[in-house]
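Just below is one structure, and these are the notes that go with it.
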Amino acid sequence: MRTHALLALGAAGFALIAHLLAVRWDAQMNPTQIAAGVVSGIGFLCGGVIIQRGGSVQGLTTAASLWTTAGVGLAIGGGFYPLGSVLLAAVLTIQFPLRWAEDRLGRSIGSLPPPSPWEVRMQGSRQAVERLWARCLDGRIGAAAVNRIAIRTRREGDEVVLVAEMSLSDAEALAVVALGDESGDGIAAIRCTRVA
C-alpha cells in the first residue's frame with residue numbers, strides 16, 4: 001500500500017508541477033511531456049517488480065497496479081478528480097474483490113495436492129550426481145523442490161550417494177526420476193521414495 005500511495009503521490013506531484021510551470025512560467029511548455037516521462041519512468045520501476053522464479057513469473061499484477069496507480073496520480077494532479085476517482089475505484093475493485101473471487105474459484109475447481117516429503121536418492125559418479133542435483137534445483141521440476149529439508153552425501157567406492165529430503169508433488173517426483181533417464185553416463189541409480 002505504501003508503494004502504491006507514494007507512486008500516486010509522486011505522479012500527482014509531477015502533474016501539478018507540469019501544470020504550474022506551464023501556467024506561471026512558460027506558456028509554451030507542454031505538460032504532456034512530463035506525463036510521458038512519468039509513464040516511462042513507472043514502466044522502468046514496474047519492470048523491476050517482475051521476477052522469474054523457476055518456471056513461473058511473479059509480480060505481473062503488482063507491476064500492472066503500480067502502472068495504473070501512476071495514472072490515478074496523473075489524473076488527480078491534472079485536476080481531473082472524477083476521472084481519478086473512477087480509476088481508483090476500478091483499481092480497488094480489480095485488486096480486492098476479484099482476488100477474493102479468484103481464490104474462491106481456485107478452491108472450488110480444486111487445486112493441486114500440496115507437496116509432501118520425499119526422499120530423493122542419487123548414486124553415480126561425482127560429476128553426474130552434481131549435474132543431476134543442479135538440474136533439480138534450477139526450477140525445472142517446480143519451486144517446491146527448492147524447499148530442502150536435509151541433504152546428506154557419502155562415498156561408496158568410486159561413486160557418490162546423495163540423499164535429500166524434499167517437499168515435492170507427485171508430478172515433481174516423477175520429473176526427478178525422469179531427469180535420471182536424461183542425465184547420460186555416470187548415474188547408476190536415482191530413486192524417489194515418499195517419506196511416511
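Residues in the C-alpha cells are named by chain (A, B, ... in the order shown) and by number from 1 within that chain; ligands are numbered from 1 in the order shown.
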
Discussion item. I'd like the contact shell of Gln127 in chain A - 10 Å cut-off, only C-alpha atoms, skipping same-chain residues fewer than 2 positions apart - returned as a ChimeraX atom specification.
Written reply: /A:124-125,129-133,159-160,185-187

Next, dump the selected residues to file, keeping only N, CA and C atoms, as a PDB file, in the first residue's frame.
ATOM      1  N   GLY A 124      25.997 -42.271  -8.291  1.00  0.00           N
ATOM      2  CA  GLY A 124      26.765 -42.326  -9.526  1.00  0.00           C
ATOM      3  C   GLY A 124      28.083 -41.616  -9.352  1.00  0.00           C
ATOM      4  N   SER A 125      28.708 -41.267 -10.463  1.00  0.00           N
ATOM      5  CA  SER A 125      29.971 -40.533 -10.381  1.00  0.00           C
ATOM      6  C   SER A 125      29.706 -39.148  -9.790  1.00  0.00           C
ATOM      7  N   VAL A 129      26.312 -36.879 -10.434  1.00  0.00           N
ATOM      8  CA  VAL A 129      25.405 -36.547  -9.314  1.00  0.00           C
ATOM      9  C   VAL A 129      25.309 -35.036  -9.156  1.00  0.00           C
ATOM     10  N   GLU A 130      26.441 -34.337  -9.251  1.00  0.00           N
ATOM     11  CA  GLU A 130      26.405 -32.873  -9.146  1.00  0.00           C
ATOM     12  C   GLU A 130      25.562 -32.255 -10.261  1.00  0.00           C
ATOM     13  N   ARG A 131      25.732 -32.765 -11.485  1.00  0.00           N
ATOM     14  CA  ARG A 131      24.979 -32.244 -12.628  1.00  0.00           C
ATOM     15  C   ARG A 131      23.479 -32.491 -12.447  1.00  0.00           C
ATOM     16  N   LEU A 132      23.115 -33.677 -12.006  1.00  0.00           N
ATOM     17  CA  LEU A 132      21.704 -34.012 -11.815  1.00  0.00           C
ATOM     18  C   LEU A 132      21.103 -33.204 -10.668  1.00  0.00           C
ATOM     19  N   TRP A 133      21.842 -33.030  -9.582  1.00  0.00           N
ATOM     20  CA  TRP A 133      21.346 -32.248  -8.445  1.00  0.00           C
ATOM     21  C   TRP A 133      21.143 -30.785  -8.854  1.00  0.00           C
ATOM     22  N   GLU A 159      31.895 -44.100  -6.330  1.00  0.00           N
ATOM     23  CA  GLU A 159      30.644 -43.385  -6.552  1.00  0.00           C
ATOM     24  C   GLU A 159      30.273 -42.511  -5.353  1.00  0.00           C
ATOM     25  N   VAL A 160      29.413 -41.548  -5.620  1.00  0.00           N
ATOM     26  CA  VAL A 160      28.878 -40.657  -4.599  1.00  0.00           C
ATOM     27  C   VAL A 160      27.390 -40.952  -4.461  1.00  0.00           C
ATOM     28  N   ASP A 185      25.697 -40.621 -19.035  1.00  0.00           N
ATOM     29  CA  ASP A 185      26.594 -41.551 -18.343  1.00  0.00           C
ATOM     30  C   ASP A 185      26.883 -41.096 -16.921  1.00  0.00           C
ATOM     31  N   GLY A 186      27.203 -42.048 -16.090  1.00  0.00           N
ATOM     32  CA  GLY A 186      27.662 -41.729 -14.745  1.00  0.00           C
ATOM     33  C   GLY A 186      26.634 -41.906 -13.659  1.00  0.00           C
ATOM     34  N   ILE A 187      25.348 -42.037 -13.987  1.00  0.00           N
ATOM     35  CA  ILE A 187      24.329 -42.239 -12.956  1.00  0.00           C
ATOM     36  C   ILE A 187      23.998 -43.717 -12.887  1.00  0.00           C
TER      37      ILE A 187
END

Practice prompt. List every residue of range 24-83 of chain A that DSSP, applied to the backbone of this structure, assigns to helix (DSSP H, G or I), and report them as an NGL selection string.
Written response: :A and (24-25 or 31-49 or 60-77 or 81-83)

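Of the residues listed (A:Ile190, A:Leu7, A:Ala90, A:Ile17), A:Leu7 shows the shortest atom-to-atom separation from Ala63 in chain A; distances use only C-alpha atoms.
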
Worksheet item: Could you pull the residues within 7 Å of Val163 in chain A, counting only C-alpha atoms, minus those fewer than 2 positions along the same chain, as number ranges by chain?
Response: A: 119-122, 151-153, 161, 165

Could you please take those selected residues and save C-alpha atoms as a PDB file, in the first residue's frame?
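This is the output file selection-v5.pdb:
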ATOM      1  CA  GLU A 119      13.476 -38.860  -0.150  1.00  0.00           C
ATOM      2  CA  VAL A 120      15.489 -38.408  -3.335  1.00  0.00           C
ATOM      3  CA  ARG A 121      18.484 -40.729  -3.671  1.00  0.00           C
ATOM      4  CA  MET A 122      21.056 -40.273  -6.449  1.00  0.00           C
ATOM      5  CA  ILE A 151      20.890 -33.283   2.335  1.00  0.00           C
ATOM      6  CA  ARG A 152      23.457 -35.991   3.037  1.00  0.00           C
ATOM      7  CA  THR A 153      26.276 -37.266   0.841  1.00  0.00           C
ATOM      8  CA  VAL A 161      25.482 -41.139  -2.955  1.00  0.00           C
ATOM      9  CA  GLU A 165      14.571 -34.981   1.773  1.00  0.00           C
TER      10      GLU A 165
END
